[in-house]
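Next comes upload.cif, a file with mmCIF, C-alpha atoms.
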```cif
data_run
#
loop_
_atom_site.group_PDB
_atom_site.id
_atom_site.type_symbol
_atom_site.label_atom_id
_atom_site.label_comp_id
_atom_site.auth_asym_id
_atom_site.auth_seq_id
_atom_site.Cartn_x
_atom_site.Cartn_y
_atom_site.Cartn_z
ATOM 1 C CA MET A 1 35.629 -34.804 -32.078
ATOM 2 C CA LEU A 2 36.853 -31.245 -32.420
ATOM 3 C CA THR A 3 36.141 -28.822 -29.603
ATOM 4 C CA GLU A 4 36.692 -25.131 -29.065
ATOM 5 C CA ASN A 5 37.391 -23.924 -25.527
ATOM 6 C CA ALA A 6 36.676 -20.387 -24.356
ATOM 7 C CA LYS A 7 35.720 -18.237 -21.370
ATOM 8 C CA LEU A 8 32.616 -16.197 -20.703
ATOM 9 C CA THR A 9 33.304 -12.539 -19.872
ATOM 10 C CA CYS A 10 30.451 -12.059 -17.399
ATOM 11 C CA GLY A 11 29.939 -15.697 -16.493
ATOM 12 C CA LEU A 12 26.878 -17.767 -15.680
ATOM 13 C CA ASP A 13 25.499 -17.932 -12.158
ATOM 14 C CA TYR A 14 24.454 -21.423 -11.108
ATOM 15 C CA ASN A 15 23.812 -22.740 -7.596
ATOM 16 C CA GLY A 16 25.464 -19.747 -5.948
ATOM 17 C CA GLN A 17 28.635 -19.763 -8.061
ATOM 18 C CA THR A 18 29.687 -18.064 -11.274
ATOM 19 C CA TYR A 19 31.134 -20.198 -14.068
ATOM 20 C CA TYR A 20 33.273 -18.961 -16.941
ATOM 21 C CA ASP A 21 34.947 -21.908 -18.725
ATOM 22 C CA TYR A 22 33.074 -23.590 -21.535
ATOM 23 C CA SER A 23 33.682 -25.706 -24.587
ATOM 24 C CA LEU A 24 31.714 -26.224 -27.777
ATOM 25 C CA ARG A 25 31.647 -29.258 -29.996
ATOM 26 C CA PRO A 26 29.754 -29.917 -33.223
ATOM 27 C CA ILE A 27 26.404 -31.620 -32.833
ATOM 28 C CA THR A 28 25.620 -34.902 -34.506
ATOM 29 C CA LEU A 29 23.167 -35.198 -37.361
ATOM 30 C CA ALA A 30 20.748 -37.048 -35.068
ATOM 31 C CA GLN A 31 20.918 -34.185 -32.549
ATOM 32 C CA GLU A 32 20.280 -31.654 -35.294
ATOM 33 C CA MET A 33 17.285 -33.580 -36.642
ATOM 34 C CA ALA A 34 15.798 -33.833 -33.141
ATOM 35 C CA LEU A 35 16.428 -30.127 -32.600
ATOM 36 C CA ILE A 36 14.693 -29.224 -35.863
ATOM 37 C CA ASP A 37 11.685 -31.295 -34.779
ATOM 38 C CA GLU A 38 11.641 -29.499 -31.402
ATOM 39 C CA LEU A 39 11.826 -26.071 -33.041
ATOM 40 C CA ASP A 40 9.091 -26.945 -35.559
ATOM 41 C CA ALA A 41 6.817 -28.310 -32.816
ATOM 42 C CA SER A 42 7.248 -25.318 -30.523
ATOM 43 C CA THR A 43 4.062 -23.356 -29.997
ATOM 44 C CA ASP A 44 5.908 -20.470 -28.338
ATOM 45 C CA LYS A 45 7.389 -18.878 -31.453
ATOM 46 C CA PRO A 46 8.736 -15.335 -31.355
ATOM 47 C CA THR A 47 7.222 -12.766 -33.682
ATOM 48 C CA GLY A 48 10.415 -10.892 -34.552
ATOM 49 C CA ALA A 49 13.140 -12.214 -36.842
ATOM 50 C CA ARG A 50 15.975 -11.262 -34.458
ATOM 51 C CA GLN A 51 14.261 -12.968 -31.512
ATOM 52 C CA ALA A 52 13.725 -16.091 -33.611
ATOM 53 C CA GLU A 53 17.402 -16.071 -34.626
ATOM 54 C CA ILE A 54 18.556 -15.762 -31.009
ATOM 55 C CA LEU A 55 16.250 -18.555 -29.824
ATOM 56 C CA GLU A 56 17.369 -20.865 -32.622
ATOM 57 C CA THR A 57 21.028 -20.110 -31.897
ATOM 58 C CA LEU A 58 20.503 -20.787 -28.186
ATOM 59 C CA ALA A 59 18.726 -24.052 -29.002
ATOM 60 C CA TYR A 60 21.775 -25.184 -30.979
ATOM 61 C CA VAL A 61 24.155 -23.939 -28.290
ATOM 62 C CA THR A 62 22.392 -26.039 -25.626
ATOM 63 C CA LYS A 63 23.332 -29.136 -27.640
ATOM 64 C CA MET A 64 26.915 -27.997 -28.299
ATOM 65 C CA ILE A 65 28.064 -26.474 -25.010
ATOM 66 C CA THR A 66 29.699 -27.912 -21.926
ATOM 67 C CA ILE A 67 30.187 -25.560 -18.990
ATOM 68 C CA LYS A 68 32.463 -26.894 -16.279
ATOM 69 C CA GLY A 69 30.459 -27.075 -13.053
ATOM 70 C CA ILE A 70 26.974 -26.835 -14.589
ATOM 71 C CA ASP A 71 24.838 -29.949 -15.046
ATOM 72 C CA PRO A 72 24.270 -30.354 -18.812
ATOM 73 C CA ALA A 73 20.585 -31.121 -18.190
ATOM 74 C CA ASP A 74 20.201 -27.631 -16.700
ATOM 75 C CA ILE A 75 21.613 -25.859 -19.744
ATOM 76 C CA THR A 76 18.355 -25.087 -21.505
ATOM 77 C CA VAL A 77 17.205 -22.254 -23.723
ATOM 78 C CA ASP A 78 15.274 -20.786 -20.780
ATOM 79 C CA PHE A 79 18.322 -21.017 -18.500
ATOM 80 C CA LEU A 80 20.514 -19.240 -21.044
ATOM 81 C CA LEU A 81 17.868 -16.601 -21.834
ATOM 82 C CA ASN A 82 17.531 -15.727 -18.171
ATOM 83 C CA ASN A 83 21.195 -15.958 -17.134
ATOM 84 C CA LEU A 84 23.453 -15.287 -20.122
ATOM 85 C CA ALA A 85 24.640 -11.710 -20.653
ATOM 86 C CA SER A 86 24.325 -10.419 -24.212
ATOM 87 C CA LEU A 87 28.093 -9.864 -24.228
ATOM 88 C CA ASP A 88 28.608 -13.562 -23.482
ATOM 89 C CA TYR A 89 25.996 -14.557 -26.081
ATOM 90 C CA ASN A 90 28.010 -12.684 -28.704
ATOM 91 C CA GLY A 91 31.187 -14.363 -27.459
ATOM 92 C CA ILE A 92 29.590 -17.793 -27.817
ATOM 93 C CA VAL A 93 28.487 -16.939 -31.378
ATOM 94 C CA GLU A 94 32.113 -16.040 -32.177
ATOM 95 C CA THR A 95 33.280 -19.317 -30.625
ATOM 96 C CA VAL A 96 30.817 -21.213 -32.834
ATOM 97 C CA LYS A 97 32.345 -19.451 -35.849
ATOM 98 C CA ARG A 98 35.865 -20.475 -34.730
ATOM 99 C CA LEU A 99 34.697 -24.062 -34.229
ATOM 100 C CA ASN A 100 33.164 -24.117 -37.708
ATOM 101 C CA ALA A 101 36.382 -22.753 -39.198
ATOM 102 C CA LYS A 102 38.407 -25.359 -37.314
ATOM 103 C CA PHE A 103 36.032 -28.086 -38.501
ATOM 104 C CA SER A 104 36.293 -26.885 -42.114
ATOM 105 C CA ALA A 105 40.082 -26.692 -41.910
ATOM 106 C CA ALA A 106 40.269 -30.251 -40.562
ATOM 107 C CA GLY A 107 38.183 -31.472 -43.497
ATOM 108 C CA GLN A 108 40.371 -29.625 -45.984
ATOM 109 C CA SER A 109 43.575 -31.073 -44.550
ATOM 110 C CA GLU A 110 42.109 -34.582 -44.822
ATOM 111 C CA GLU A 111 41.243 -33.916 -48.467
ATOM 112 C CA LEU A 112 44.800 -32.761 -49.132
ATOM 113 C CA ASN A 113 46.329 -35.748 -47.311
ATOM 114 C CA PRO A 114 43.913 -38.735 -47.414
ATOM 115 C CA GLU A 115 46.405 -41.014 -45.627
ATOM 116 C CA ALA A 116 46.226 -38.744 -42.559
ATOM 117 C CA ALA A 117 42.608 -39.748 -41.975
#
```
Re-express the file's structure as structure tokens.
Amino acid sequence: MLTENAKLTCGLDYNGQTYYDYSLRPITLAQEMALIDELDASTDKPTGARQAEILETLAYVTKMITIKGIDPADITVDFLLNNLASLDYNGIVETVKRLNAKFSAAGQSEELNPEAA
């Protein structure tokens, strides 16, 4: 599966260390369906549109991200809200965009050359 590797500018503190390297990969359809159910069932919904957008983005990121040195089970929306700098949040959003572009380009090249698949 395609991945996009990047570095956080400010880093994430975890167990006394700061981590910078991360990678993103697309989520599966099953993960997305489960995530939609979680978001719909949440009783702690933000009132503002921007807050809702950030929380939804972070929810997706928790399913997509791997941070070297941080236990994946600990990468939750709450963890990211309380530890991720806004500068790094914006960097992750840009990485998601690059991953999506890479994913789209891979699909287009397969359409142009079906034997390559």
Residue IDs satisfying the PyMOL selection byres ((chain A and resi 45-56) around 12), as a list in words:
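Going through the file, the PyMOL selection byres ((chain A and resi 45-56) around 12) ends up selecting Glu32, Leu35, Ile36, Glu38, Leu39, Asp40, Ala41, Ser42, Thr43, Asp44, Thr57, Leu58, Ala59, Tyr60, Val61, Thr62, Lys63, Thr76, Val77, Asp78, Phe79, Leu80, Leu81, Leu84, Ser86, Tyr89, Asn90, Ile92 and Val93 of chain A.
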Taking the file as shown, what set of residues would the PyMOL selection byres ((chain A and resi 6) around 12) give back, as an MDAnalysis selection string?
chainID A and resid 3:5 7:9 11 19:25 65:68 88 91:96 98:99
Kindly provide, as JSON, the centre and edge lengths (Å, one decimal) of an axis-aligned box around all atoms of stretch 30-44 of chain A given in the file, with 4 Å on each side.
```
{"center_x": 12.5, "center_y": -28.8, "center_z": -32.5, "size_x": 24.9, "size_y": 24.6, "size_z": 16.3}
```
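Distance-wise, atom CA of A:Ile27 and atom CA of A:Asn15 end up 26.9 Å apart.
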Record the distance separating atom CA of A:Gln31 and atom CA of A:Ala85, expressed in Å with one decimal.
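Going from atom CA of A:Gln31 over to atom CA of A:Ala85 covers 25.7 Å.
Picture a line from atom CA of A:Asn83 to atom CA of A:Leu29; it runs 28.0 Å.
Residue nearest A:Asn82 within the list A:Leu2, A:Tyr14, A:Thr28, A:Phe103: A:Tyr14 [criterion: smallest interatomic distance, only C-alpha atoms].
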Model the absent atoms of stretch 85-97 of chain A so that N, CA, C and O atoms are present, and write the result as a PDB file, in the frame of the given file.
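As written to disk, out.pdb reads:
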```pdb
ATOM      1  N   ALA A  85      24.521 -13.112 -20.243  1.00  0.00           N
ATOM      2  CA  ALA A  85      24.640 -11.710 -20.653  1.00  0.00           C
ATOM      3  C   ALA A  85      24.761 -11.640 -22.178  1.00  0.00           C
ATOM      4  O   ALA A  85      25.314 -12.543 -22.817  1.00  0.00           O
ATOM      5  N   SER A  86      24.256 -10.557 -22.752  1.00  0.00           N
ATOM      6  CA  SER A  86      24.325 -10.419 -24.212  1.00  0.00           C
ATOM      7  C   SER A  86      25.774 -10.400 -24.699  1.00  0.00           C
ATOM      8  O   SER A  86      26.080 -10.918 -25.775  1.00  0.00           O
ATOM      9  N   LEU A  87      26.669  -9.852 -23.897  1.00  0.00           N
ATOM     10  CA  LEU A  87      28.093  -9.864 -24.228  1.00  0.00           C
ATOM     11  C   LEU A  87      28.601 -11.299 -24.352  1.00  0.00           C
ATOM     12  O   LEU A  87      29.334 -11.641 -25.293  1.00  0.00           O
ATOM     13  N   ASP A  88      28.197 -12.161 -23.425  1.00  0.00           N
ATOM     14  CA  ASP A  88      28.608 -13.562 -23.482  1.00  0.00           C
ATOM     15  C   ASP A  88      27.927 -14.314 -24.622  1.00  0.00           C
ATOM     16  O   ASP A  88      28.517 -15.202 -25.232  1.00  0.00           O
ATOM     17  N   TYR A  89      26.673 -13.954 -24.925  1.00  0.00           N
ATOM     18  CA  TYR A  89      25.996 -14.557 -26.081  1.00  0.00           C
ATOM     19  C   TYR A  89      26.814 -14.288 -27.340  1.00  0.00           C
ATOM     20  O   TYR A  89      27.083 -15.199 -28.126  1.00  0.00           O
ATOM     21  N   ASN A  90      27.213 -13.034 -27.521  1.00  0.00           N
ATOM     22  CA  ASN A  90      28.010 -12.684 -28.704  1.00  0.00           C
ATOM     23  C   ASN A  90      29.343 -13.418 -28.718  1.00  0.00           C
ATOM     24  O   ASN A  90      29.822 -13.836 -29.773  1.00  0.00           O
ATOM     25  N   GLY A  91      29.948 -13.598 -27.547  1.00  0.00           N
ATOM     26  CA  GLY A  91      31.187 -14.363 -27.459  1.00  0.00           C
ATOM     27  C   GLY A  91      30.999 -15.815 -27.857  1.00  0.00           C
ATOM     28  O   GLY A  91      31.846 -16.399 -28.544  1.00  0.00           O
ATOM     29  N   ILE A  92      29.885 -16.409 -27.448  1.00  0.00           N
ATOM     30  CA  ILE A  92      29.590 -17.793 -27.817  1.00  0.00           C
ATOM     31  C   ILE A  92      29.387 -17.904 -29.326  1.00  0.00           C
ATOM     32  O   ILE A  92      29.875 -18.845 -29.961  1.00  0.00           O
ATOM     33  N   VAL A  93      28.687 -16.935 -29.921  1.00  0.00           N
ATOM     34  CA  VAL A  93      28.487 -16.939 -31.378  1.00  0.00           C
ATOM     35  C   VAL A  93      29.847 -16.900 -32.085  1.00  0.00           C
ATOM     36  O   VAL A  93      30.072 -17.633 -33.060  1.00  0.00           O
ATOM     37  N   GLU A  94      30.770 -16.099 -31.583  1.00  0.00           N
ATOM     38  CA  GLU A  94      32.113 -16.040 -32.177  1.00  0.00           C
ATOM     39  C   GLU A  94      32.856 -17.370 -31.993  1.00  0.00           C
ATOM     40  O   GLU A  94      33.588 -17.807 -32.885  1.00  0.00           O
ATOM     41  N   THR A  95      32.655 -18.017 -30.861  1.00  0.00           N
ATOM     42  CA  THR A  95      33.280 -19.317 -30.625  1.00  0.00           C
ATOM     43  C   THR A  95      32.726 -20.359 -31.587  1.00  0.00           C
ATOM     44  O   THR A  95      33.469 -21.207 -32.095  1.00  0.00           O
ATOM     45  N   VAL A  96      31.430 -20.305 -31.847  1.00  0.00           N
ATOM     46  CA  VAL A  96      30.817 -21.213 -32.834  1.00  0.00           C
ATOM     47  C   VAL A  96      31.475 -20.996 -34.198  1.00  0.00           C
ATOM     48  O   VAL A  96      31.807 -21.972 -34.890  1.00  0.00           O
ATOM     49  N   LYS A  97      31.691 -19.745 -34.561  1.00  0.00           N
ATOM     50  CA  LYS A  97      32.345 -19.451 -35.849  1.00  0.00           C
ATOM     51  C   LYS A  97      33.756 -20.031 -35.895  1.00  0.00           C
ATOM     52  O   LYS A  97      34.172 -20.595 -36.919  1.00  0.00           O
TER      53      LYS A  97
END
```
